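Everything below belongs to upload.tsv, which stores TSV, C-alpha atoms.
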```tsv
chain	number	residue	atom	x	y	z
A	712	MET	CA	113.35	99.15	83.38
A	713	LYS	CA	116.67	99.38	85.31
A	714	ASN	CA	115.05	98.24	88.55
A	715	HIS	CA	113.32	95.45	86.71
A	716	ILE	CA	116.57	94.18	85.19
A	717	ALA	CA	118.47	94.53	88.45
A	718	LEU	CA	115.87	92.95	90.70
A	719	THR	CA	114.44	90.22	88.52
A	720	ALA	CA	116.18	86.88	88.53
A	721	LEU	CA	117.07	85.44	85.14
A	722	ALA	CA	117.58	81.76	84.39
A	723	LEU	CA	118.34	79.80	81.27
A	724	VAL	CA	115.68	77.40	80.09
A	725	ILE	CA	116.56	74.80	77.52
A	726	GLY	CA	113.81	73.93	75.08
A	727	THR	CA	113.81	72.36	71.62
A	728	GLY	CA	117.57	72.65	71.56
A	729	LEU	CA	117.58	76.42	72.10
A	730	ALA	CA	118.27	78.48	75.21
A	731	HIS	CA	116.01	81.39	76.11
A	732	ALA	CA	115.82	83.68	79.11
A	733	GLN	CA	113.26	83.02	81.80
A	734	THR	CA	112.15	86.06	83.78
A	735	VAL	CA	111.29	85.32	87.41
A	736	LEU	CA	108.83	87.72	89.03
A	737	ASN	CA	108.43	87.76	92.82
A	738	LEU	CA	104.82	87.90	94.04
A	739	GLY	CA	104.73	88.83	97.73
A	740	PHE	CA	101.72	88.56	100.04
A	741	VAL	CA	100.90	87.97	103.69
A	742	GLY	CA	98.59	84.93	103.51
A	743	GLY	CA	99.86	81.47	104.41
A	744	PRO	CA	100.00	78.66	101.82
A	745	GLN	CA	96.43	77.49	102.54
A	746	ALA	CA	94.86	80.97	102.40
A	747	PRO	CA	92.29	81.30	99.59
A	748	GLU	CA	94.29	84.03	97.86
A	749	ALA	CA	97.48	81.97	98.13
A	750	ILE	CA	95.77	79.07	96.34
A	751	GLY	CA	94.48	81.50	93.73
A	752	MET	CA	97.98	82.91	93.21
A	753	ALA	CA	99.43	79.40	92.89
A	754	GLN	CA	97.01	78.82	90.02
A	755	PHE	CA	98.03	82.21	88.56
A	756	ALA	CA	101.70	81.19	88.66
A	757	GLU	CA	100.99	77.86	86.96
A	758	GLU	CA	98.92	79.49	84.22
A	759	ILE	CA	101.53	82.17	83.51
A	760	GLU	CA	104.38	79.69	83.22
A	761	GLU	CA	102.35	77.36	81.02
A	762	ARG	CA	100.88	79.99	78.70
A	763	THR	CA	104.18	81.86	78.23
A	764	GLU	CA	105.97	78.54	77.62
A	765	GLY	CA	108.31	79.14	80.51
A	766	ARG	CA	109.39	82.64	79.53
A	767	TYR	CA	107.87	83.95	82.78
A	768	LYS	CA	107.92	82.28	86.18
A	769	ILE	CA	106.02	83.67	89.18
A	770	GLN	CA	107.89	83.06	92.42
A	771	LEU	CA	105.35	83.04	95.27
A	772	GLN	CA	106.61	84.74	98.43
A	773	GLY	CA	103.74	84.21	100.87
A	774	GLY	CA	103.33	84.22	104.62
A	775	GLY	CA	104.79	87.70	104.98
A	776	ALA	CA	108.20	86.53	103.68
A	777	LEU	CA	108.76	89.96	102.11
A	778	GLY	CA	107.02	91.93	104.89
A	779	GLY	CA	103.51	93.02	105.81
A	780	ASP	CA	100.92	94.22	103.31
A	781	ARG	CA	102.10	97.82	103.34
A	782	ASP	CA	105.76	96.82	103.04
A	783	VAL	CA	105.08	94.67	100.01
A	784	ILE	CA	102.86	97.26	98.33
A	785	GLU	CA	105.61	99.85	98.77
A	786	GLY	CA	108.05	97.33	97.30
A	787	VAL	CA	105.91	97.01	94.17
A	788	GLN	CA	105.60	100.79	93.96
A	789	PHE	CA	109.37	101.28	94.25
A	790	GLY	CA	110.21	98.35	91.96
A	791	THR	CA	112.00	96.18	94.54
A	792	ILE	CA	109.18	93.59	94.34
A	793	GLU	CA	107.44	92.82	91.08
A	794	MET	CA	103.92	91.86	92.20
A	795	THR	CA	101.58	91.53	95.18
A	796	VAL	CA	98.03	90.54	96.01
A	797	SER	CA	96.71	92.65	98.84
A	798	SER	CA	93.57	93.80	100.59
A	799	THR	CA	92.27	97.04	99.13
A	800	SER	CA	91.93	98.24	102.73
A	801	VAL	CA	95.72	98.67	102.69
A	802	VAL	CA	95.98	99.70	99.02
A	803	VAL	CA	93.71	102.66	99.89
A	804	ASN	CA	96.70	104.27	101.64
A	805	PHE	CA	98.23	104.62	98.17
A	806	ALA	CA	95.11	104.89	95.97
A	807	PRO	CA	92.36	106.64	98.00
A	808	GLU	CA	89.58	105.85	95.50
A	809	PHE	CA	89.49	102.31	96.92
A	810	GLY	CA	88.27	103.74	100.24
A	811	VAL	CA	84.62	103.40	99.30
A	812	PHE	CA	84.94	99.61	99.60
A	813	ASP	CA	85.74	99.99	103.32
A	814	VAL	CA	82.29	101.33	104.23
A	815	PRO	CA	80.75	98.75	106.61
A	816	PHE	CA	77.70	96.75	105.51
A	817	LEU	CA	78.18	97.92	101.91
A	818	PHE	CA	77.87	94.62	100.04
A	819	ARG	CA	74.91	92.27	100.34
A	820	ASP	CA	76.85	89.16	99.31
A	821	PHE	CA	79.79	87.94	97.20
A	822	ASP	CA	77.80	88.20	93.95
A	823	HIS	CA	77.02	91.84	94.67
A	824	ALA	CA	80.70	92.59	95.29
A	825	GLU	CA	81.79	90.87	92.07
A	826	GLN	CA	79.20	92.77	90.03
A	827	VAL	CA	80.69	96.03	91.32
A	828	PHE	CA	84.31	94.97	90.75
A	829	GLU	CA	83.61	93.76	87.21
A	830	GLY	CA	81.38	96.71	86.25
A	831	ASP	CA	81.99	100.37	85.50
A	832	ILE	CA	82.71	101.29	89.13
A	833	GLY	CA	85.43	98.66	89.47
A	834	THR	CA	86.94	99.64	86.11
A	835	GLU	CA	87.02	103.32	87.10
A	836	ILE	CA	88.66	102.65	90.45
A	837	MET	CA	91.21	100.21	89.02
A	838	GLY	CA	92.00	102.87	86.42
A	839	THR	CA	93.34	105.16	89.15
A	840	LEU	CA	96.14	102.76	90.13
A	841	PRO	CA	98.74	104.01	87.61
A	842	ASN	CA	98.55	107.43	89.33
A	843	ALA	CA	99.79	105.70	92.50
A	844	GLY	CA	102.55	103.75	90.76
A	845	PHE	CA	100.83	100.42	90.07
A	846	VAL	CA	99.03	98.49	87.39
A	847	GLY	CA	96.02	96.48	88.55
A	848	LEU	CA	95.54	93.10	86.88
A	849	ALA	CA	92.31	91.99	88.59
A	850	MET	CA	90.20	92.50	91.68
A	851	GLY	CA	88.33	89.88	93.70
A	852	GLY	CA	87.53	89.12	97.31
A	853	ILE	CA	88.28	86.88	100.27
A	854	GLY	CA	84.93	87.15	102.02
A	855	PHE	CA	83.18	88.96	104.85
A	856	ARG	CA	84.97	89.95	108.04
A	857	GLN	CA	84.02	88.49	111.44
A	858	LEU	CA	84.96	89.70	114.92
A	859	THR	CA	86.89	87.59	117.44
A	860	ASN	CA	87.89	88.47	120.99
A	861	ASN	CA	89.01	87.08	124.35
A	862	VAL	CA	86.89	89.20	126.71
A	863	ARG	CA	83.20	88.38	126.22
A	864	PRO	CA	80.61	87.15	123.72
A	865	VAL	CA	79.65	89.92	121.30
A	866	THR	CA	76.09	89.79	119.97
A	867	THR	CA	75.19	93.50	119.91
A	868	ALA	CA	77.07	96.73	119.22
A	869	ALA	CA	76.98	97.53	122.95
A	870	ASP	CA	79.17	94.48	123.63
A	871	VAL	CA	82.01	96.05	121.62
A	872	GLU	CA	82.43	98.93	124.08
A	873	GLY	CA	85.99	99.12	125.41
A	874	LEU	CA	87.42	96.17	123.47
A	875	LYS	CA	90.94	96.63	122.12
A	876	ILE	CA	90.54	95.48	118.50
A	877	ARG	CA	93.34	95.05	116.01
A	878	THR	CA	92.42	96.65	112.72
A	879	GLN	CA	94.07	97.10	109.37
A	880	GLN	CA	96.01	100.31	108.78
A	881	ASN	CA	92.94	101.99	107.35
A	882	GLU	CA	91.18	105.28	108.13
A	883	LEU	CA	87.59	104.08	107.67
A	884	HIS	CA	88.14	100.96	109.75
A	885	LEU	CA	89.49	103.09	112.59
A	886	GLN	CA	86.52	105.47	112.33
A	887	ALA	CA	84.04	102.58	112.38
A	888	TRP	CA	85.46	100.84	115.43
A	889	GLU	CA	85.85	104.11	117.31
A	890	ALA	CA	82.19	104.90	116.56
A	891	LEU	CA	81.26	101.49	117.97
A	892	GLY	CA	83.12	102.29	121.21
A	893	ALA	CA	86.09	99.98	120.66
A	894	LEU	CA	89.76	100.90	121.01
A	895	PRO	CA	91.10	100.14	117.51
A	896	THR	CA	94.79	99.31	117.18
A	897	PRO	CA	96.20	99.15	113.64
A	898	MET	CA	98.99	96.67	113.01
A	899	ALA	CA	100.28	94.37	110.29
A	900	VAL	CA	98.62	90.96	110.20
A	901	THR	CA	102.01	89.29	110.72
A	902	GLU	CA	102.09	90.80	114.24
A	903	VAL	CA	98.55	89.92	115.29
A	904	TYR	CA	98.98	86.37	116.64
A	905	ALA	CA	101.59	87.47	119.17
A	906	ALA	CA	99.55	90.56	120.08
A	907	LEU	CA	96.49	88.40	120.82
A	908	GLN	CA	98.55	85.84	122.70
A	909	GLN	CA	100.20	88.48	124.89
A	910	GLY	CA	97.00	90.48	125.48
A	911	VAL	CA	98.24	93.58	123.66
A	912	VAL	CA	94.85	93.54	121.95
A	913	ASP	CA	91.66	91.73	122.96
A	914	GLY	CA	90.50	90.78	119.49
A	915	GLN	CA	90.71	91.20	115.75
A	916	GLU	CA	88.45	91.04	112.70
A	917	ASN	CA	89.07	89.09	109.50
A	918	PRO	CA	87.38	86.71	107.07
A	919	VAL	CA	87.04	83.13	108.30
A	920	GLY	CA	89.80	81.90	105.98
A	921	ALA	CA	92.28	84.42	107.35
A	922	ILE	CA	91.30	83.63	110.94
A	923	ILE	CA	91.98	79.93	110.34
A	924	ASN	CA	95.14	80.30	108.27
A	925	ASN	CA	96.69	82.72	110.74
A	926	ARG	CA	95.76	80.34	113.60
A	927	PHE	CA	93.94	83.08	115.52
A	928	GLY	CA	91.54	80.46	116.87
A	929	GLU	CA	94.38	79.19	119.06
A	930	VAL	CA	94.46	82.50	120.96
A	931	GLN	CA	90.79	83.65	120.83
A	932	LYS	CA	87.73	82.53	122.81
A	933	TYR	CA	84.79	84.03	120.89
A	934	MET	CA	83.90	84.66	117.26
A	935	SER	CA	80.85	86.73	116.30
A	936	ILE	CA	79.37	86.37	112.80
A	937	THR	CA	79.07	90.11	112.18
A	938	ASN	CA	79.65	90.17	108.39
A	939	HIS	CA	80.42	93.83	108.98
A	940	ALA	CA	82.65	94.38	105.96
A	941	PHE	CA	83.66	92.64	102.75
A	942	THR	CA	87.37	92.24	101.99
A	943	PRO	CA	88.34	92.95	98.38
A	944	VAL	CA	91.81	92.05	97.17
A	945	VAL	CA	93.66	93.36	94.13
A	946	LEU	CA	96.56	91.87	92.17
A	947	LEU	CA	99.15	94.60	91.52
A	948	ILE	CA	102.18	94.63	89.24
A	949	ASN	CA	104.99	97.17	88.99
A	950	PRO	CA	104.44	99.45	85.96
A	951	GLY	CA	108.00	98.94	84.71
A	952	VAL	CA	107.56	95.18	84.73
A	953	TYR	CA	104.15	95.49	83.06
A	954	GLY	CA	105.60	97.83	80.46
A	955	GLY	CA	108.15	95.18	79.57
A	956	LEU	CA	105.46	92.66	78.63
A	957	ASN	CA	104.49	92.38	75.00
A	958	PRO	CA	100.77	92.87	74.19
A	959	ASP	CA	100.06	89.13	74.02
A	960	ASP	CA	101.72	88.53	77.39
A	961	ARG	CA	99.79	91.41	78.96
A	962	GLU	CA	96.57	89.75	77.88
A	963	ILE	CA	97.76	86.44	79.34
A	964	PHE	CA	98.59	88.14	82.67
A	965	HIS	CA	95.18	89.81	82.82
A	966	GLU	CA	93.27	86.64	81.94
A	967	ALA	CA	95.27	84.54	84.39
A	968	ALA	CA	94.63	87.14	87.11
A	969	VAL	CA	90.87	87.05	86.54
A	970	ASN	CA	90.95	83.24	86.66
A	971	ALA	CA	92.97	83.37	89.88
A	972	MET	CA	90.39	85.63	91.52
A	973	GLN	CA	87.64	83.21	90.59
A	974	ARG	CA	89.66	80.35	92.09
A	975	THR	CA	90.15	82.45	95.22
A	976	ARG	CA	86.38	82.85	95.54
A	977	GLU	CA	85.92	79.08	95.18
A	978	GLU	CA	88.40	78.52	98.00
A	979	VAL	CA	86.66	81.13	100.19
A	980	GLU	CA	83.35	79.32	99.71
A	981	LYS	CA	84.93	75.98	100.62
A	982	ILE	CA	86.41	77.31	103.84
A	983	GLN	CA	83.15	79.07	104.73
A	984	GLU	CA	81.45	75.67	104.75
A	985	SER	CA	83.99	73.92	106.95
A	986	GLY	CA	85.66	76.82	108.78
A	987	LEU	CA	83.23	77.28	111.65
A	988	ASP	CA	83.54	73.62	112.62
A	989	THR	CA	87.31	73.92	112.40
A	990	LEU	CA	87.27	76.87	114.78
A	991	ARG	CA	84.87	75.12	117.17
A	992	GLU	CA	87.33	72.21	117.32
A	993	THR	CA	90.02	74.62	118.53
A	994	GLY	CA	87.71	75.76	121.35
A	995	VAL	CA	86.30	78.96	119.85
A	996	GLU	CA	82.68	79.74	120.75
A	997	ILE	CA	80.85	80.75	117.56
A	998	LEU	CA	78.09	83.34	118.03
A	999	THR	CA	75.79	83.25	115.00
A	1000	GLU	CA	72.88	85.28	116.42
A	1001	VAL	CA	74.33	88.78	116.09
A	1002	ASP	CA	72.12	91.90	115.98
A	1003	GLY	CA	73.48	93.56	112.84
A	1004	ASP	CA	70.91	96.34	113.08
A	1005	SER	CA	72.41	97.47	116.39
A	1006	PHE	CA	75.76	97.94	114.63
A	1007	ARG	CA	74.16	99.87	111.76
A	1008	GLU	CA	72.24	102.09	114.16
A	1009	LYS	CA	75.33	102.98	116.15
A	1010	LEU	CA	77.22	103.73	112.93
A	1011	GLU	CA	74.46	105.95	111.53
A	1012	PRO	CA	76.21	109.31	112.21
A	1013	THR	CA	79.39	107.95	110.63
A	1014	PHE	CA	77.46	106.63	107.63
A	1015	ALA	CA	76.27	110.21	107.05
A	1016	LYS	CA	79.88	111.42	106.92
A	1017	TRP	CA	80.84	108.66	104.51
A	1018	SER	CA	77.88	109.49	102.28
A	1019	GLU	CA	79.13	113.08	102.04
A	1020	ARG	CA	82.62	111.84	101.19
A	1021	PHE	CA	81.76	109.22	98.57
A	1022	GLY	CA	78.53	110.69	97.26
A	1023	GLU	CA	76.85	109.11	94.26
A	1024	ARG	CA	79.42	106.32	93.96
A	1025	LEU	CA	78.36	104.92	97.33
A	1026	ASP	CA	74.71	104.92	96.27
A	1027	ALA	CA	75.62	103.35	92.91
A	1028	ILE	CA	77.40	100.48	94.68
A	1029	ARG	CA	74.48	99.87	97.01
A	1030	ASN	CA	72.05	99.83	94.08
A	1031	THR	CA	74.12	97.57	91.82
A	1032	GLY	CA	72.21	94.39	90.99
A	1033	LYS	CA	68.94	95.52	92.57
```

Same coordinates, now as structure tokens:
Amino acid sequence: MKNHIALTALALVIGTGLAHAQTVLNLGFVGGPQAPEAIGMAQFAEEIEERTEGRYKIQLQGGGALGGDRDVIEGVQFGTIEMTVSSTSVVVNFAPEFGVFDVPFLFRDFDHAEQVFEGDIGTEIMGTLPNAGFVGLAMGGIGFRQLTNNVRPVTTAADVEGLKIRTQQNELHLQAWEALGALPTPMAVTEVYAALQQGVVDGQENPVGAIINNRFGEVQKYMSITNHAFTPVVLLINPGVYGGLNPDDREIFHEAAVNAMQRTREEVEKIQESGLDTLRETGVEILTEVDGDSFREKLEPTFAKWSERFGERLDAIRNTGK
């Protein structure tokens, strides 16, 4: 608890004539203030402060204020940052069991993903986080990833050949884009706008909400609706901080986290409805007729390797809800 005491701000709150300590917990993430997960975390902060009667305050540190995804996750692990919400595609570098979620074309839709996260598979995988130095409060999602680029319209897997694509710092993502013939370049999302603007990379892939909120439409010509991967996110808290919560407060944190993930989904669905028009207004050409089968066919040898690696769990995810 030494790190927790040293790194957590304390303030005095006056209520009913008595002073009591307010513990301020920093929650770092890379999304801007209008990102779906940022809106979800704002609701989380409000619910925590209200339900703990001001004993806990969540200080949102969005927009990469505390660093990129990996930086912030390491901060939570080391105890220099109390909390983060991050893509599991980065968390996998610390907790490899999350890697199964990075297999392309795994989830049929948002409902399918939520059934997995909220079922036995999600519970088992979340249960591995303490081994990596985290406690997981809840898991949700920010939607399916789409491909943007500045070179040419992409409607088949063959069109990807030779494109320099920014990816997350993730082994499976690199394998997938290499198998498709692209030149994947991992980098933190906070560096991507400048990389696209300067031509360091030709394109990137993200959910619609992230593409809009990071303003990638300003520096990209084409967006292909590939739906090639779903993006789960997980809300992590430092174990020392979590250990300092009493049982009632732990329950409040878990419930508020689940509610925040549901709010995040609602925001994703809103931006899905309006986002394509928003991008068109910035001059992006939206390609909706994409041959997904051509991507799956080209990835077939890699799918075989992933099946060997993840085994029955991969099949169980695919069959959930059928």

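Candidate residues A:Ala899, A:Val865, A:Ile948, A:Glu835 were compared for distance to A:Val796, and the nearest is A:Ile948, using all atoms listed in the file.
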
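Note that the spacing between atom CA of A:Gln915 and atom CA of A:Asn860 amounts to 6.5 Å.
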
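Closest approach to A:Ile784 from the set A:Val903, A:Met850, A:Val803, A:Leu883 is made by A:Val803, with distances taken over only C-alpha atoms.
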
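With atom CA of A:Gly994 on one side and atom CA of A:Met934 on the other, the separation reads 10.5 Å.
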
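You can rank A:Gly765, A:Val741, A:Gly1022, A:Arg1007 by their closest distance to A:Leu777 using all atoms listed in the file, and at the top of that list sits A:Val741.
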
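The protein and nucleic acid residues lying at most 8 Å from A:Lys932 are Thr859, Asn860, Asn861, Val862, Gly928, Gly994, Val995 and Glu996 of chain A, with all atoms listed in the file considered and sequence neighbours fewer than 3 positions away removed.
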
Would you save the residues from that selection as a compact mmCIF listing (two decimals), keeping the file's coordinate frame, using C-alpha atoms?
```txt
# COMPACT_ATOMS: atom_id res chain seq x y z
CA THR A 859 86.89 87.59 117.44
CA ASN A 860 87.89 88.47 120.99
CA ASN A 861 89.01 87.08 124.35
CA VAL A 862 86.89 89.20 126.71
CA GLY A 928 91.54 80.46 116.87
CA GLY A 994 87.71 75.76 121.35
CA VAL A 995 86.30 78.96 119.85
CA GLU A 996 82.68 79.74 120.75
```

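Nearest-residue note for A:Leu848: choosing from A:Glu872, A:Glu962, A:Glu764, A:Asp831, the minimum distance belongs to A:Glu962, counting only C-alpha atoms.
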
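Candidate residues A:Ala756, A:Leu1025, A:Leu858, A:Ile832 were compared for distance to A:Ile963, and the nearest is A:Ala756, using only C-alpha atoms.
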
Handout entry: Cut-off 6 Å around (112.3, 79.9, 81.5) with only C-alpha atoms: residues as a PyMOL selection string
Key = chain A and resi 724+732-733+765-766

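Among the candidate residues A:Tyr933, A:Phe941, A:Phe964, A:Trp888, the one lying nearest to A:Leu990 is A:Tyr933, with distances computed using all atoms listed in the file.
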
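Picture a line from atom CA of A:Leu738 to atom CA of A:Ile792; it runs 7.2 Å.
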